[in-house]
$ cat target-v2.csv   # CSV, C-alpha atoms and all ligand atoms
chain,number,residue,atom,x,y,z
A,1,MET,CA,23.6,23.7,26.5
A,2,ASP,CA,21.0,23.2,23.8
A,3,THR,CA,21.9,25.8,21.2
A,4,SER,CA,18.5,25.5,19.6
A,5,SER,CA,16.8,26.9,22.7
A,6,PRO,CA,16.3,30.6,23.1
A,7,THR,CA,19.1,32.5,24.6
A,8,ILE,CA,19.1,36.0,26.1
A,9,ASP,CA,21.1,37.2,23.0
A,10,SER,CA,18.6,35.9,20.5
A,11,LEU,CA,15.5,36.8,22.4
A,12,ARG,CA,16.6,40.4,23.2
A,13,LYS,CA,16.4,41.0,19.4
A,14,VAL,CA,12.7,40.1,19.2
A,15,PRO,CA,11.1,43.1,17.5
A,16,SER,CA,8.7,45.3,19.5
A,17,ALA,CA,5.1,44.4,18.6
A,18,GLU,CA,2.5,44.8,21.2
A,19,ASP,CA,3.8,47.6,23.3
A,20,SER,CA,1.4,50.1,21.7
A,21,THR,CA,-1.6,47.8,22.4
A,22,ALA,CA,-3.7,49.9,24.8
A,23,ASP,CA,-6.3,47.4,25.9
A,24,CYS,CA,-4.0,44.6,27.1
A,25,GLU,CA,-5.4,42.2,24.6
A,26,GLY,CA,-3.0,39.7,23.1
A,27,THR,CA,-3.5,36.8,20.7
A,28,SER,CA,-5.0,33.7,22.1
A,29,THR,CA,-2.7,30.7,22.4
A,30,PRO,CA,-3.7,27.3,23.6
A,31,ALA,CA,-1.0,25.9,25.9
A,32,THR,CA,-0.4,23.6,28.8
A,33,SER,CA,-0.7,25.3,32.2
A,34,LEU,CA,2.7,25.8,33.8
A,35,GLN,CA,3.8,27.0,37.2
A,36,TYR,CA,6.4,29.8,37.6
A,37,TYR,CA,7.9,31.0,40.8
A,38,ILE,CA,10.1,33.5,42.5
A,39,PHE,CA,12.4,31.7,44.9
A,40,GLY,CA,13.8,33.9,47.7
A,41,GLN,CA,13.5,35.0,51.3
A,42,GLY,CA,11.8,38.2,52.6
A,43,ILE,CA,10.0,38.7,49.3
A,44,SER,CA,6.3,38.7,50.3
A,45,PHE,CA,6.0,42.2,48.7
A,46,SER,CA,7.6,41.2,45.4
A,47,MET,CA,5.9,42.8,42.4
A,48,SER,CA,7.1,39.9,40.2
A,49,PRO,CA,3.8,37.9,40.4
A,50,THR,CA,1.9,41.0,39.1
A,51,VAL,CA,4.4,41.5,36.3
A,52,HIS,CA,4.4,37.9,35.0
A,53,ASN,CA,0.7,37.1,35.6
A,54,ALA,CA,-0.2,40.3,33.7
A,55,GLY,CA,2.0,39.1,30.8
A,56,PHE,CA,0.5,35.6,30.9
A,57,ALA,CA,-3.0,37.1,30.9
A,58,TYR,CA,-2.2,39.4,28.0
A,59,TYR,CA,-1.3,36.4,25.8
A,60,LYS,CA,-4.1,34.3,27.3
A,61,LEU,CA,-1.5,31.8,28.5
A,62,PRO,CA,-2.9,29.5,31.3
A,63,HIS,CA,0.2,29.9,33.4
A,64,HIS,CA,0.6,31.1,37.0
A,65,TYR,CA,3.5,32.8,38.8
A,66,SER,CA,3.7,32.8,42.6
A,67,ILE,CA,6.1,33.6,45.5
A,68,GLN,CA,8.0,30.8,47.2
A,69,GLN,CA,9.9,31.8,50.3
A,70,SER,CA,12.4,29.6,52.1
A,71,PRO,CA,15.8,30.0,53.8
A,72,SER,CA,17.0,26.8,52.0
A,73,THR,CA,16.8,25.9,48.3
A,74,GLU,CA,15.9,22.3,49.2
A,75,THR,CA,12.3,23.5,49.6
A,76,PHE,CA,12.2,24.3,45.9
A,77,ALA,CA,13.5,20.9,44.6
A,78,PRO,CA,10.1,19.3,44.3
A,79,LEU,CA,8.7,22.3,42.5
A,80,ILE,CA,11.5,22.3,40.0
A,81,ALA,CA,11.1,18.5,39.4
A,82,ALA,CA,7.3,18.8,38.9
A,83,PRO,CA,6.2,18.1,35.3
A,84,ASP,CA,4.3,21.5,35.3
A,85,PHE,CA,7.4,23.6,36.3
A,86,GLY,CA,7.7,26.4,33.8
A,87,GLY,CA,10.6,28.4,35.2
A,88,ALA,CA,11.6,30.6,38.1
A,89,SER,CA,13.1,33.9,39.2
A,90,VAL,CA,15.7,33.5,41.8
A,91,THR,CA,16.6,36.2,44.3
A,92,MET,CA,18.6,36.7,47.5
A,93,PRO,CA,19.9,34.6,49.2
A,94,HIS,CA,19.7,31.8,46.6
A,95,LYS,CA,21.5,33.2,43.5
A,96,LEU,CA,24.5,30.9,44.1
A,97,ALA,CA,23.0,27.9,45.8
A,98,ILE,CA,20.4,27.4,43.1
A,99,ASN,CA,23.2,26.2,40.8
A,100,LYS,CA,22.8,22.7,42.1
A,101,TYR,CA,19.5,22.4,40.3
A,102,CYS,CA,20.8,23.6,37.0
A,103,THR,CA,21.7,21.1,34.2
A,104,SER,CA,23.8,23.9,32.7
A,105,THR,CA,24.4,27.6,33.3
A,106,SER,CA,24.7,30.2,30.6
A,107,ILE,CA,28.0,31.9,29.8
A,108,HIS,CA,26.6,35.2,31.2
A,109,ALA,CA,25.5,33.6,34.5
A,110,GLN,CA,29.0,31.9,34.8
A,111,ARG,CA,30.8,35.2,34.2
A,112,ILE,CA,28.6,37.2,36.7
A,113,GLY,CA,28.8,34.3,39.1
A,114,ALA,CA,25.0,34.3,39.9
A,115,VAL,CA,21.8,32.7,38.5
A,116,ASN,CA,18.6,34.8,38.8
A,117,THR,CA,16.5,32.8,36.3
A,118,LEU,CA,15.7,29.1,35.8
A,119,VAL,CA,14.7,28.3,32.2
A,120,VAL,CA,13.2,24.9,31.3
A,121,GLN,CA,14.6,23.4,28.1
A,122,THR,CA,13.1,20.1,26.8
A,123,GLN,CA,15.4,18.0,24.6
A,124,PRO,CA,13.7,16.2,21.7
A,125,PRO,CA,13.2,12.6,22.9
A,126,ALA,CA,15.7,9.9,21.6
A,127,ARG,CA,13.9,7.0,20.0
A,128,SER,CA,13.0,5.0,23.1
A,129,GLU,CA,13.2,7.7,25.7
A,130,SER,CA,10.7,10.2,27.0
A,131,GLN,CA,11.4,13.9,26.8
A,132,VAL,CA,14.3,15.0,29.0
A,133,LYS,CA,13.8,18.2,31.0
A,134,GLN,CA,16.8,20.3,31.5
A,135,ILE,CA,17.2,23.4,33.6
A,136,LEU,CA,19.3,26.3,32.3
A,137,GLY,CA,20.6,28.8,34.9
A,138,GLU,CA,20.5,32.3,33.4
A,139,ASN,CA,21.1,35.8,34.5
A,140,THR,CA,18.8,38.6,33.4
A,141,ASP,CA,20.1,41.2,35.9
A,142,TRP,CA,22.8,42.3,33.4
A,143,SER,CA,20.6,42.0,30.3
A,144,GLY,CA,17.8,44.1,31.9
A,145,LEU,CA,20.4,46.8,32.6
A,146,ALA,CA,21.9,46.5,29.1
A,147,SER,CA,18.4,47.0,27.6
A,148,ILE,CA,18.1,50.3,29.6
A,149,ILE,CA,21.5,51.4,28.4
A,150,GLU,CA,20.7,50.5,24.8
A,151,GLN,CA,17.4,52.4,25.0
A,152,HIS,CA,19.3,55.4,26.3
A,153,ASP,CA,22.0,55.2,23.6
A,154,ALA,CA,19.3,55.0,20.9
A,155,SER,CA,18.0,58.4,21.9
A,156,SER,CA,21.5,60.0,22.3
A,157,PRO,CA,23.4,61.6,19.4
A,158,THR,CA,26.6,59.7,20.4
A,159,PRO,CA,26.8,56.3,22.2
A,160,ALA,CA,28.0,56.2,25.8
A,161,ARG,CA,31.7,55.4,26.1
A,162,THR,CA,32.5,55.7,29.8
A,163,GLY,CA,30.8,54.1,32.8
A,164,LEU,CA,31.1,54.2,36.5
A,165,VAL,CA,29.9,51.6,38.9
A,166,ILE,CA,29.6,52.6,42.6
A,167,GLY,CA,29.9,49.7,45.0
A,168,ALA,CA,31.5,46.3,44.6
A,169,GLY,CA,29.0,43.8,46.0
A,170,GLY,CA,26.8,41.2,44.2
A,171,ALA,CA,24.8,43.8,42.3
A,172,SER,CA,27.9,45.5,40.9
A,173,ARG,CA,28.9,42.4,38.9
A,174,ALA,CA,25.8,42.5,36.8
A,175,ALA,CA,26.2,46.3,36.4
A,176,ILE,CA,29.8,46.1,35.2
A,177,TYR,CA,29.0,43.2,32.9
A,178,ALA,CA,26.1,45.1,31.4
A,179,MET,CA,28.4,48.0,30.6
A,180,TYR,CA,30.9,45.7,29.0
A,181,GLN,CA,28.1,44.0,26.9
A,182,SER,CA,26.8,47.5,25.9
A,183,GLY,CA,30.2,48.3,24.4
A,184,LEU,CA,31.4,50.9,26.9
A,185,SER,CA,35.2,51.3,26.4
A,186,THR,CA,36.1,52.6,29.9
A,187,ILE,CA,34.5,51.2,33.0
A,188,TYR,CA,35.4,52.7,36.4
A,189,LEU,CA,34.7,51.0,39.7
A,190,TYR,CA,34.6,52.7,43.1
A,191,ASN,CA,34.2,50.9,46.4
A,192,ARG,CA,34.8,51.9,50.0
A,193,THR,CA,36.8,48.7,50.5
A,194,LEU,CA,39.5,48.6,47.7
A,195,SER,CA,40.3,44.9,48.0
A,196,ARG,CA,36.7,44.0,47.2
A,197,ALA,CA,36.8,46.2,44.1
A,198,SER,CA,40.0,44.5,43.1
A,199,GLU,CA,38.4,41.1,43.5
A,200,VAL,CA,35.5,42.1,41.2
A,201,ALA,CA,37.8,43.7,38.6
A,202,SER,CA,40.1,40.7,38.5
A,203,SER,CA,37.2,38.3,38.0
A,204,PHE,CA,36.5,40.0,34.7
A,205,SER,CA,40.1,40.7,33.7
A,206,SER,CA,40.3,38.0,31.0
A,207,LEU,CA,37.4,39.7,29.2
A,208,PHE,CA,38.0,43.5,29.8
A,209,THR,CA,39.7,46.0,32.0
A,210,THR,CA,37.9,47.6,34.9
A,211,THR,CA,39.7,50.7,36.3
A,212,ILE,CA,39.5,51.1,40.1
A,213,VAL,CA,39.3,54.6,41.5
A,214,ASP,CA,40.0,55.1,45.1
A,215,SER,CA,37.7,58.0,45.6
A,216,LEU,CA,34.6,59.4,43.7
A,217,SER,CA,36.5,62.7,43.4
A,218,SER,CA,39.5,61.1,41.6
A,219,LEU,CA,38.0,60.2,38.3
A,220,PRO,CA,40.1,61.6,35.4
A,221,SER,CA,38.5,64.9,34.5
A,222,ALA,CA,39.2,64.2,30.8
A,223,SER,CA,36.8,61.2,30.8
A,224,PRO,CA,33.8,61.8,33.1
A,225,PRO,CA,31.2,59.0,33.0
A,226,ASP,CA,28.2,58.9,30.5
A,227,ILE,CA,26.6,56.2,32.6
A,228,ILE,CA,26.6,55.8,36.4
A,229,ILE,CA,25.2,52.7,38.1
A,230,GLY,CA,24.9,52.9,41.9
A,231,THR,CA,24.8,49.7,43.9
A,232,VAL,CA,25.4,50.9,47.5
A,233,PRO,CA,22.3,50.5,49.7
A,234,ALA,CA,20.5,53.8,49.6
A,235,ASP,CA,20.2,54.2,53.4
A,236,ARG,CA,24.0,54.1,53.7
A,237,THR,CA,24.5,57.2,51.5
A,238,THR,CA,23.6,60.9,51.5
A,239,ALA,CA,23.8,63.4,48.6
A,240,ALA,CA,27.2,64.5,49.9
A,241,PHE,CA,28.5,61.0,48.9
A,242,PHE,CA,28.2,61.9,45.2
A,243,PRO,CA,30.4,64.8,44.0
A,244,THR,CA,29.0,67.1,41.4
A,245,ALA,CA,32.0,66.4,39.2
A,246,LEU,CA,30.5,62.9,38.5
A,247,PHE,CA,27.9,64.7,36.4
A,248,ALA,CA,30.3,66.8,34.3
A,249,LYS,CA,28.9,65.4,31.0
A,250,THR,CA,26.0,67.5,29.7
A,251,LYS,CA,24.0,64.4,29.1
A,252,GLY,CA,24.0,61.1,30.9
A,253,LEU,CA,22.2,58.1,32.4
A,254,CYS,CA,22.1,57.4,36.1
A,255,ILE,CA,20.7,54.1,37.4
A,256,ASP,CA,20.4,53.1,41.0
A,257,MET,CA,20.0,49.4,41.8
A,258,ALA,CA,19.4,50.3,45.4
A,259,TYR,CA,16.0,51.4,46.8
A,260,LYS,CA,14.4,52.2,50.2
A,261,PRO,CA,13.8,55.1,49.7
A,262,ARG,CA,12.8,54.8,46.0
A,263,GLU,CA,14.1,58.4,45.5
A,264,THR,CA,17.7,57.6,46.5
A,265,PRO,CA,20.4,60.2,47.3
A,266,LEU,CA,22.2,59.3,44.1
A,267,LEU,CA,19.1,59.7,41.9
A,268,SER,CA,18.2,63.0,43.6
A,269,VAL,CA,21.7,64.4,42.9
A,270,ALA,CA,21.5,63.2,39.3
A,271,ARG,CA,18.1,64.8,38.8
A,272,GLY,CA,19.7,68.1,39.8
A,273,HIS,CA,21.8,67.9,36.6
A,274,GLU,CA,19.9,68.9,33.5
A,275,GLY,CA,20.4,66.4,30.7
A,276,TRP,CA,20.8,63.4,33.0
A,277,GLU,CA,18.2,60.7,32.7
A,278,THR,CA,17.5,58.7,35.9
A,279,VAL,CA,16.3,55.1,36.3
A,280,THR,CA,15.0,53.7,39.6
A,281,GLU,CA,15.5,50.2,41.0
A,282,VAL,CA,11.9,49.4,40.2
A,283,GLU,CA,12.5,50.1,36.6
A,284,VAL,CA,15.6,47.9,36.7
A,285,LEU,CA,13.5,45.1,38.2
A,286,LEU,CA,10.9,45.5,35.5
A,287,ALA,CA,13.6,45.4,32.8
A,288,GLN,CA,15.1,42.2,34.0
A,289,GLY,CA,11.6,40.8,34.4
A,290,TYR,CA,10.8,41.6,30.8
A,291,GLU,CA,13.9,39.6,29.8
A,292,GLN,CA,12.7,36.6,31.9
A,293,PHE,CA,9.3,36.7,30.3
A,294,GLN,CA,10.9,36.5,26.8
A,295,LEU,CA,13.1,33.6,27.9
A,296,TRP,CA,10.1,31.6,29.3
A,297,THR,CA,7.5,32.4,26.6
A,298,GLY,CA,9.5,33.4,23.5
A,299,ARG,CA,7.4,36.5,23.4
A,300,GLU,CA,8.1,40.1,24.1
A,301,ALA,CA,6.7,41.2,27.4
A,302,PRO,CA,3.7,43.5,27.0
A,303,LYS,CA,5.3,46.4,28.8
A,304,GLN,CA,2.4,48.9,28.9
A,305,CYS,CA,0.0,46.2,30.1
A,306,ILE,CA,2.4,45.2,32.8
A,307,LEU,CA,3.0,48.8,33.9
A,308,ASP,CA,-0.8,49.2,34.1
A,309,ALA,CA,-1.1,46.1,36.3
A,310,VAL,CA,1.8,47.2,38.6
A,311,ALA,CA,0.2,50.7,39.0
A,312,ALA,CA,-3.2,49.1,39.8
A,313,HIS,CA,-1.6,46.7,42.3
A,314,ASP,CA,0.3,49.7,43.9
A,315,ALA,CA,-3.0,51.7,44.2
A,316,ALA,CA,-4.8,48.7,45.7
A,317,THR,CA,-2.0,48.2,48.2
A,318,VAL,CA,-2.1,51.9,49.3
A,319,ALA,CA,-5.9,51.8,49.6
A,320,ALA,CA,-5.8,48.6,51.7
A,321,ALA,CA,-3.2,50.2,54.0
A,322,ARG,CA,-5.6,53.1,54.6
A,323,LEU,CA,-8.5,50.8,55.7
B,1,LIG,N1,22.5,41.6,44.3
B,1,LIG,C1,21.6,41.9,43.3
B,1,LIG,O1,21.5,41.1,42.4
B,1,LIG,C2,20.8,43.1,43.4
B,1,LIG,C3,19.9,43.3,42.4
B,1,LIG,C4,19.1,44.4,42.4
B,1,LIG,C5,19.3,45.3,43.4
B,1,LIG,N2,20.1,45.1,44.4
B,1,LIG,C6,20.3,46.2,45.4
B,1,LIG,O2,21.6,46.7,45.3
B,1,LIG,C7,22.1,47.1,46.6
B,1,LIG,C8,23.4,46.4,46.8
B,1,LIG,O3,23.2,45.0,46.8
B,1,LIG,P1,24.4,44.0,46.9
B,1,LIG,O4,23.9,42.6,46.7
B,1,LIG,O5,25.5,44.4,45.9
B,1,LIG,O6,25.0,44.2,48.4
B,1,LIG,P2,26.3,43.8,49.0
B,1,LIG,O7,26.9,42.6,48.3
B,1,LIG,O8,26.1,43.7,50.5
B,1,LIG,O9,27.3,45.1,48.7
B,1,LIG,C9,27.0,46.3,49.3
B,1,LIG,C10,28.0,47.4,48.7
B,1,LIG,O10,27.7,48.6,49.3
B,1,LIG,C11,28.9,49.1,49.9
B,1,LIG,N3,28.5,49.8,51.2
B,1,LIG,C12,27.7,49.4,52.2
B,1,LIG,N4,27.6,50.3,53.2
B,1,LIG,C13,28.4,51.3,52.8
B,1,LIG,C14,28.7,52.6,53.3
B,1,LIG,N5,28.2,53.0,54.5
B,1,LIG,N6,29.5,53.4,52.7
B,1,LIG,C15,30.0,53.1,51.5
B,1,LIG,N7,29.8,51.9,50.9
B,1,LIG,C16,29.0,51.0,51.5
B,1,LIG,C17,29.7,47.9,50.2
B,1,LIG,O11,31.0,48.4,50.3
B,1,LIG,P3,32.1,47.5,51.1
B,1,LIG,O12,32.6,46.4,50.2
B,1,LIG,O13,33.2,48.5,51.5
B,1,LIG,O14,31.5,46.9,52.4
B,1,LIG,C18,29.4,47.1,49.0
B,1,LIG,O15,30.2,47.5,47.9
B,1,LIG,C19,21.0,46.7,47.6
B,1,LIG,O16,20.2,47.8,47.9
B,1,LIG,C20,20.2,45.6,46.9
B,1,LIG,O17,18.9,45.6,47.3
B,1,LIG,C21,20.9,44.0,44.4
$ encode --input "target-v2.csv" --output "structure tokens"
Amino acid sequence: MDTSSPTIDSLRKVPSAEDSTADCEGTSTPATSLQYYIFGQGISFSMSPTVHNAGFAYYKLPHHYSIQQSPSTETFAPLIAAPDFGGASVTMPHKLAINKYCTSTSIHAQRIGAVNTLVVQTQPPARSESQVKQILGENTDWSGLASIIEQHDASSPTPARTGLVIGAGGASRAAIYAMYQSGLSTIYLYNRTLSRASEVASSFSSLFTTTIVDSLSSLPSASPPDIIIGTVPADRTTAAFFPTALFAKTKGLCIDMAYKPRETPLLSVARGHEGWETVTEVEVLLAQGYEQFQLWTGREAPKQCILDAVAAHDAATVAAARL
């Protein structure tokens, strides 16, 4: 890996600059026009093009981001090989298979076992060679979550110490890793199928301990969670799935990576506990998108401008549906 290239760890420290800019006007920067994509399947309603194109427009970058759907990653090969390939978001079902197009993968993507971002890195040319394009496989699912946890911690009198992840599928791995990277000392994991929870816990065992609980009612009462991340599809749960004891702390943060409906049973239970902040899957998607924008452009995502663009897009979609 080219250590001079931006990494998630270095870029996440970029100081906030333009978030307060109200008029979505950034500085003008001449640049070569590049193509960015989201690679996935069943993603025609993805908000990622709105997010990234708003960011490019803010900085007056002549880039474009579009949706590319296919059941097979082979379809994406010519796009990745093209000279104007700028980078890509990668979503289900390609987060593992996309590996074959990566020259290298970051330590974070290796630990989580999934790539959700392709970053182009150009090596300085050797004397007689032209520039060599390399593709880094990154993961911003965890760093988006970590940024949400850090923001929560910054506004809390004491940092969160204990986390609980509910569910042990693909999404849980980024959630657990984000908790570890955010410095939580105790991480509980609950899953309906215990063997699956054990598999996830053991994959991280060389780095940290994940404590498996066999029921959501059996967390030690002495250390209730400060942070809860739900990863069970929302249509498979009801409010009764989440015991009140989970919210024993007077303050906490509850994130749901699941959606449909946006107001999930987990979030609605959490909202019933004063002092608990809630974060929807849409906010999680935005947070990981901001991380991607930084990796691709080296600039902090203009968050307010992007939120305005997403709201306008949502309003236009609703209006079109009424016609
Ligand atoms: N994968 C990602 O990177 C990602 C990113 C953002 C958001 N999400 C969202 O997060 C959610 C989970 O995604 P995933 O990829 O982790 O899915 P997954 O790999 O299929 O895992 C689903 C998890 O939900 C549990 N589950 C399913 N039905 C259940 C039920 N009736 N009762 C109790 N537990 C049940 C499963 O438990 P068992 O092991 O017992 O079956 C498993 O732990 C989805 O809504 C997805 O859209 C995923």
$ closest_residue --input "target-v2.csv" --among "A:Gln181, A:Ser221, A:Thr186, A:Gln288" --to "Thr117 in chain A" --atoms "only C-alpha atoms"
A:Gln288
$ closest_residue --input "target-v2.csv" --among "A:Cys102, A:Ala234, A:Leu207, A:Ala248" --to "Ala222 in chain A" --atoms "all atoms listed in the file"
A:Ala248
$ closest_residue --input "target-v2.csv" --among "A:His52, A:Arg322, A:Arg192, A:Arg111" --to "Tyr180 in chain A" --atoms "only C-alpha atoms"
A:Arg111
$ atom_distance --input "target-v2.csv" --atom1 "CA of Pro93 in chain A" --atom2 "CA of Glu300 in chain A"
28.3 Å
$ residues_near_ligand --input "target-v2.csv" --ligand "ligand LIG 1 (chain B)" --cutoff "8 Å" --atoms "only C-alpha atoms and all ligand atoms" --output "JSON, numbers by chain"
{"A": [91, 92, 95, 116, 141, 166, 167, 168, 169, 170, 171, 172, 174, 191, 192, 193, 194, 196, 197, 230, 231, 232, 233, 234, 236, 237, 256, 257, 258, 259, 260, 281, 284, 285]}
$ residues_around --input "target-v2.csv" --residues "Tyr290 in chain A" --least-positions-apart "4" --cutoff "10 Å" --atoms "all atoms listed in the file" --output "ChimeraX atom specification"
/A:12,51-52,55,140,143-144,147,284-286,294-295,299-303,306
$ residues_around --input "target-v2.csv" --residues "Leu145 in chain A" --least-positions-apart "5" --cutoff "7 Å" --atoms "all atoms listed in the file" --output "ChimeraX atom specification"
/A:175,178,284,287
$ closest_atom_pairs --input "target-v2.csv" --of "range 54-103 of chain A" --to "range 28-49 of chain A" --cutoff "8 Å" --atoms "only C-alpha atoms" --output "JSON lines"
{"residue": "A:Tyr59", "atom": "CA", "partner": "A:Ser28", "partner_atom": "CA", "distance": 5.9}
{"residue": "A:Lys60", "atom": "CA", "partner": "A:Ser28", "partner_atom": "CA", "distance": 5.3}
{"residue": "A:Leu61", "atom": "CA", "partner": "A:Thr29", "partner_atom": "CA", "distance": 6.3}
{"residue": "A:Pro62", "atom": "CA", "partner": "A:Ser33", "partner_atom": "CA", "distance": 4.8}
{"residue": "A:His63", "atom": "CA", "partner": "A:Leu34", "partner_atom": "CA", "distance": 4.8}
{"residue": "A:His64", "atom": "CA", "partner": "A:Gln35", "partner_atom": "CA", "distance": 5.2}
{"residue": "A:Tyr65", "atom": "CA", "partner": "A:Tyr36", "partner_atom": "CA", "distance": 4.3}
{"residue": "A:Ser66", "atom": "CA", "partner": "A:Tyr37", "partner_atom": "CA", "distance": 4.9}
{"residue": "A:Ile67", "atom": "CA", "partner": "A:Ile38", "partner_atom": "CA", "distance": 5.0}
{"residue": "A:Gln68", "atom": "CA", "partner": "A:Phe39", "partner_atom": "CA", "distance": 5.0}
{"residue": "A:Gln69", "atom": "CA", "partner": "A:Gln41", "partner_atom": "CA", "distance": 4.9}
{"residue": "A:Ser70", "atom": "CA", "partner": "A:Gln41", "partner_atom": "CA", "distance": 5.6}
{"residue": "A:Pro71", "atom": "CA", "partner": "A:Gln41", "partner_atom": "CA", "distance": 6.0}
{"residue": "A:Phe76", "atom": "CA", "partner": "A:Phe39", "partner_atom": "CA", "distance": 7.5}
{"residue": "A:Asp84", "atom": "CA", "partner": "A:Leu34", "partner_atom": "CA", "distance": 4.8}
{"residue": "A:Phe85", "atom": "CA", "partner": "A:Gln35", "partner_atom": "CA", "distance": 5.0}
{"residue": "A:Gly86", "atom": "CA", "partner": "A:Leu34", "partner_atom": "CA", "distance": 5.0}
{"residue": "A:Gly87", "atom": "CA", "partner": "A:Tyr36", "partner_atom": "CA", "distance": 5.0}
{"residue": "A:Ala88", "atom": "CA", "partner": "A:Tyr37", "partner_atom": "CA", "distance": 4.6}
{"residue": "A:Ser89", "atom": "CA", "partner": "A:Ile38", "partner_atom": "CA", "distance": 4.5}
{"residue": "A:Val90", "atom": "CA", "partner": "A:Phe39", "partner_atom": "CA", "distance": 4.9}
{"residue": "A:Thr91", "atom": "CA", "partner": "A:Gly40", "partner_atom": "CA", "distance": 5.0}
{"residue": "A:Met92", "atom": "CA", "partner": "A:Gly40", "partner_atom": "CA", "distance": 5.6}
{"residue": "A:Pro93", "atom": "CA", "partner": "A:Gly40", "partner_atom": "CA", "distance": 6.3}
{"residue": "A:His94", "atom": "CA", "partner": "A:Gly40", "partner_atom": "CA", "distance": 6.4}
$ closest_residue --input "target-v2.csv" --among "A:Pro157, A:Gly113, A:Pro220, A:Pro225" --to "Tyr177 in chain A" --atoms "only C-alpha atoms"
A:Gly113
$ atom_distance --input "target-v2.csv" --atom1 "CA of Asn139 in chain A" --atom2 "CA of Ile112 in chain A"
7.9 Å
$ atom_distance --input "target-v2.csv" --atom1 "CA of Ile176 in chain A" --atom2 "CA of Phe208 in chain A"
10.2 Å
$ closest_residue --input "target-v2.csv" --among "A:Thr162, A:Thr250, A:Ser72, A:Thr210" --to "Leu96 in chain A" --atoms "only C-alpha atoms"
A:Ser72
$ closest_residue --input "target-v2.csv" --among "A:Leu307, A:Ile107, A:Val279, A:Val132" --to "Ala54 in chain A" --atoms "only C-alpha atoms"
A:Leu307
$ residues_near_point --input "target-v2.csv" --point "(15.7, 20.7, 29.6)" --cutoff "7 Å" --atoms "all atoms listed in the file" --output "ChimeraX atom specification"
/A:120-123,132-135
$ residues_around --input "target-v2.csv" --residues "Val269 in chain A" --least-positions-apart "5" --cutoff "8 Å" --atoms "only C-alpha atoms" --output "list in words"
Ala239, Phe242 and Thr244 of chain A
$ write_last_selection --input "target-v2.csv" --atoms "C-alpha atoms" --output "PDB file, in the coordinates of the input"
ATOM      1  CA  ALA A 239      23.800  63.400  48.600  1.00  0.00           C
ATOM      2  CA  PHE A 242      28.200  61.900  45.200  1.00  0.00           C
ATOM      3  CA  THR A 244      29.000  67.100  41.400  1.00  0.00           C
TER       4      THR A 244
END
